[in-house]
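Trainee: The file below is run_35.txt, compact mmCIF, C-alpha atoms:
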```txt
# COMPACT_ATOMS: atom_id res chain seq x y z
CA MET A 1 -12.87 24.22 -5.38
CA THR A 2 -14.17 23.36 -1.92
CA ASN A 3 -16.04 20.14 -1.23
CA LEU A 4 -19.25 21.34 0.45
CA PHE A 5 -19.85 17.91 1.91
CA GLY A 6 -16.48 17.87 3.66
CA GLU A 7 -13.97 15.08 3.85
CA PRO A 8 -15.06 11.60 4.87
CA GLU A 9 -13.80 10.27 8.17
CA PRO A 10 -10.34 8.70 8.00
CA THR A 11 -10.31 5.00 7.21
CA LEU A 12 -8.61 2.98 9.93
CA LEU A 13 -7.87 -0.60 8.95
CA PRO A 14 -7.87 -3.43 11.49
CA THR A 15 -4.67 -5.04 12.72
CA ASP A 16 -2.77 -6.86 9.98
CA ASP A 17 -2.19 -10.47 11.09
CA GLY A 18 0.79 -10.57 8.76
CA LYS A 19 2.50 -7.83 10.78
CA MET A 20 2.22 -9.93 13.91
CA ALA A 21 3.77 -12.91 12.11
CA ILE A 22 6.60 -10.75 10.71
CA ASP A 23 7.22 -9.32 14.18
CA ALA A 24 7.36 -12.90 15.51
CA GLY A 25 10.20 -13.64 13.07
CA ASP A 26 8.44 -15.39 10.21
CA SER A 27 9.92 -14.78 6.75
CA ILE A 28 8.03 -12.39 4.50
CA GLU A 29 7.54 -15.18 1.96
CA LEU A 30 5.97 -17.44 4.60
CA VAL A 31 3.77 -14.62 5.84
CA ALA A 32 2.47 -13.93 2.31
CA GLN A 33 1.68 -17.65 1.94
CA THR A 34 -0.02 -18.03 5.31
CA HIS A 35 -1.64 -14.58 5.41
CA PRO A 36 -2.35 -13.77 1.73
CA GLY A 37 -4.67 -10.95 2.78
CA SER A 38 -1.81 -9.06 4.44
CA PRO A 39 -1.06 -5.86 2.50
CA LEU A 40 2.10 -5.39 4.57
CA ALA A 41 3.53 -8.76 3.53
CA TRP A 42 2.95 -8.02 -0.18
CA SER A 43 4.40 -4.52 0.13
CA LEU A 44 7.53 -5.85 1.83
CA LEU A 45 7.92 -8.52 -0.86
CA ALA A 46 7.61 -5.75 -3.46
CA ASP A 47 10.22 -3.62 -1.72
CA LYS A 48 12.60 -6.57 -1.49
CA ALA A 49 12.18 -7.46 -5.17
CA LEU A 50 12.65 -3.84 -6.25
CA SER A 51 15.77 -3.45 -4.12
CA ASP A 52 17.15 -6.62 -5.77
CA GLY A 53 16.44 -5.22 -9.26
CA ARG A 54 13.61 -7.67 -9.93
CA ASP A 55 11.28 -4.97 -11.23
CA LEU A 56 8.64 -7.20 -12.80
CA GLU A 57 8.29 -9.27 -9.63
CA GLY A 58 8.22 -6.09 -7.57
CA TYR A 59 5.39 -4.82 -9.75
CA ALA A 60 3.43 -8.06 -9.33
CA PHE A 61 3.87 -8.09 -5.55
CA ALA A 62 2.95 -4.39 -5.27
CA ARG A 63 -0.11 -4.88 -7.51
CA THR A 64 -1.24 -7.80 -5.32
CA GLY A 65 -0.81 -5.75 -2.14
CA TYR A 66 -2.65 -2.83 -3.72
CA HIS A 67 -5.65 -4.92 -4.76
CA ARG A 68 -5.79 -6.77 -1.43
CA SER A 69 -5.70 -3.33 0.22
CA LEU A 70 -8.56 -1.96 -1.86
CA ASP A 71 -10.73 -4.91 -0.83
CA LEU A 72 -9.80 -4.38 2.81
CA LEU A 73 -10.41 -0.63 2.64
CA ARG A 74 -13.88 -1.15 1.14
CA ARG A 75 -14.78 -3.72 3.80
CA ASN A 76 -13.87 -1.10 6.39
CA GLY A 77 -16.07 1.71 5.11
CA TRP A 78 -13.85 3.45 2.56
CA LYS A 79 -15.90 4.86 -0.34
CA GLY A 80 -13.12 5.34 -2.89
CA HIS A 81 -11.63 8.52 -1.46
CA GLY A 82 -10.68 10.16 1.79
CA PRO A 83 -7.84 10.02 4.25
CA VAL A 84 -6.00 6.81 5.09
CA PRO A 85 -3.63 8.03 7.83
CA TRP A 86 -0.02 6.81 7.83
CA SER A 87 0.04 7.27 11.61
CA HIS A 88 -2.43 4.36 11.99
CA GLU A 89 0.00 1.43 11.66
CA PRO A 90 -2.43 -1.06 10.04
CA ASN A 91 -2.86 1.41 7.14
CA GLN A 92 0.83 1.28 6.32
CA GLY A 93 0.61 -1.93 4.27
CA PHE A 94 -1.79 -0.25 1.84
CA LEU A 95 0.25 2.93 1.65
CA ARG A 96 3.51 1.02 1.19
CA SER A 97 1.93 -1.11 -1.55
CA LEU A 98 0.79 2.02 -3.36
CA ALA A 99 4.25 3.59 -3.12
CA ALA A 100 5.89 0.36 -4.33
CA LEU A 101 3.44 0.18 -7.24
CA ALA A 102 4.38 3.73 -8.20
CA GLU A 103 8.09 2.84 -8.07
CA ALA A 104 7.68 -0.38 -10.02
CA SER A 105 5.51 1.35 -12.63
CA GLU A 106 8.16 4.01 -13.08
CA ARG A 107 10.85 1.40 -13.58
CA LEU A 108 8.70 -0.34 -16.20
CA GLY A 109 8.15 2.94 -18.03
CA ASP A 110 4.44 3.28 -17.25
CA VAL A 111 4.37 7.04 -16.69
CA GLU A 112 0.58 7.32 -16.38
CA GLU A 113 0.36 4.60 -13.71
CA THR A 114 3.29 6.11 -11.83
CA HIS A 115 1.58 9.50 -11.74
CA ARG A 116 -1.80 8.02 -10.78
CA CYS A 117 -0.33 6.00 -7.90
CA ARG A 118 1.67 8.94 -6.56
CA GLU A 119 -1.36 11.22 -6.70
CA PHE A 120 -3.50 8.58 -4.98
CA LEU A 121 -0.85 8.17 -2.28
CA HIS A 122 -0.62 11.92 -1.72
CA GLU A 123 -4.41 12.28 -1.54
CA SER A 124 -4.68 9.35 0.87
CA SER A 125 -1.85 10.45 3.18
CA ALA A 126 0.48 13.39 2.63
CA GLU A 127 2.52 12.03 5.54
CA ALA A 128 3.00 8.66 3.80
CA TYR A 129 3.87 10.45 0.57
CA ALA A 130 6.59 12.43 2.34
CA GLU A 131 7.87 9.28 4.05
CA LEU A 132 7.83 6.91 1.06
CA ILE A 133 8.42 8.94 -2.10
CA SER A 134 11.97 10.15 -2.50
```
What does this structure look like when you write it as structure tokens?
Mentor:
Amino acid sequence: MTNLFGEPEPTLLPTDDGKMAIDAGDSIELVAQTHPGSPLAWSLLADKALSDGRDLEGYAFARTGYHRSLDLLRRNGWKGHGPVPWSHEPNQGFLRSLAALAEASERLGDVEETHRCREFLHESSAEAYAELIS
């Protein structure tokens, strides 16, 4: 089925202040504390927890990054669907949070949430899906 109204314009998020702090050498934990609106900081905390086998913490961090991202997307014109390009670096915190939420959900046995997050990621950015889902 073709959408006769076409796709909305890609959503391009503003620069993530947390990224600048991480690039300056601040720890991810400090960045999440001082820049709690940074989707990138929460996604990196989720990735770290998941790689350490702390699945429940990884889920919580990913869920926080995901919800912070949704708020940020809406404030920047996103209407609940449409492209969120991976190539635009400030979007990567959202996309990483979504991928981490899918991974954490899978580890916790939540098949429906895993599927929903992966579909959402693929619809938002096929490039991010290819990069982040193994």
Trainee: Using only C-alpha atoms, tabulate the residues of region 31-131 of chain A lying at most 10 Å from any atom of region 22-25 of chain A, each with its closest atom pair and that distance in Å to one decimal, by chain and increasing residue number, as JSON lines.
Mentor:
```
{"residue": "A:Val31", "atom": "CA", "partner": "A:Ile22", "partner_atom": "CA", "distance": 6.8}
{"residue": "A:Ala32", "atom": "CA", "partner": "A:Ile22", "partner_atom": "CA", "distance": 9.9}
{"residue": "A:Leu40", "atom": "CA", "partner": "A:Ile22", "partner_atom": "CA", "distance": 9.3}
{"residue": "A:Ala41", "atom": "CA", "partner": "A:Ile22", "partner_atom": "CA", "distance": 8.1}
```
Trainee: Find the residues near region 99-115 of chain A: any atom within 8 Å, counting all atoms listed in the file, skip ones fewer than 2 places away on the same chain, and give them as a list in words.
Mentor: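 What passes the distance filter is Ser43, Ala46, Asp47, Leu50, Asp55, Leu56, Gly58, Tyr59, Ala62, Arg63, Tyr66, Leu95, Arg96, Ser97, Cys117, Arg118, Glu119, Leu121, Tyr129, Leu132 and Ile133 of chain A.
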Trainee: Rounded to one decimal in Å, what is the spacing between CA of Leu13 (chain A) and CA of Asn76 (chain A)?
Mentor: 6.5 Å
Trainee: Could you give me, as a list in words, the residues within 7 Å of region 79-90 of chain A, counting all atoms listed in the file and dropping anything in the same chain fewer than 3 positions from it?
Mentor: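 Neighbouring residues, sequence-local ones excluded: Glu7, Pro8, Pro10, Thr11, Leu12, Leu13, Pro14, Thr15, Asp16, Arg74, Gly93, Ser124, Ser125, Glu127 and Ala128 of chain A.
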Trainee: Find the distance between CA of Ala21 (chain A) and CA of Trp42 (chain A) and write it in Å to one decimal.
Mentor: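 We find that CA of Ala21 (chain A) and CA of Trp42 (chain A) lie 13.3 Å from each other.
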Trainee: Enter the distance from CA of Gly37 (chain A) to CA of Leu70 (chain A), in Å, rounded to one decimal.
Mentor: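 Taking CA of Gly37 (chain A) and CA of Leu70 (chain A), their separation equals 10.8 Å.
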Trainee: Quick one: 4 Å padding each side, axis-aligned, all listed atoms of region 44-57 of chain A - centre and edge lengths in Å to one decimal, as JSON?
Mentor:
```
{"center_x": 12.3, "center_y": -6.4, "center_z": -5.5, "size_x": 17.6, "size_y": 13.8, "size_z": 22.6}
```
Trainee: Which one is closest to Pro39 (chain A): A:Arg68, A:Arg116, A:Arg75, A:His122? Count only C-alpha atoms.
Mentor: A:Arg68
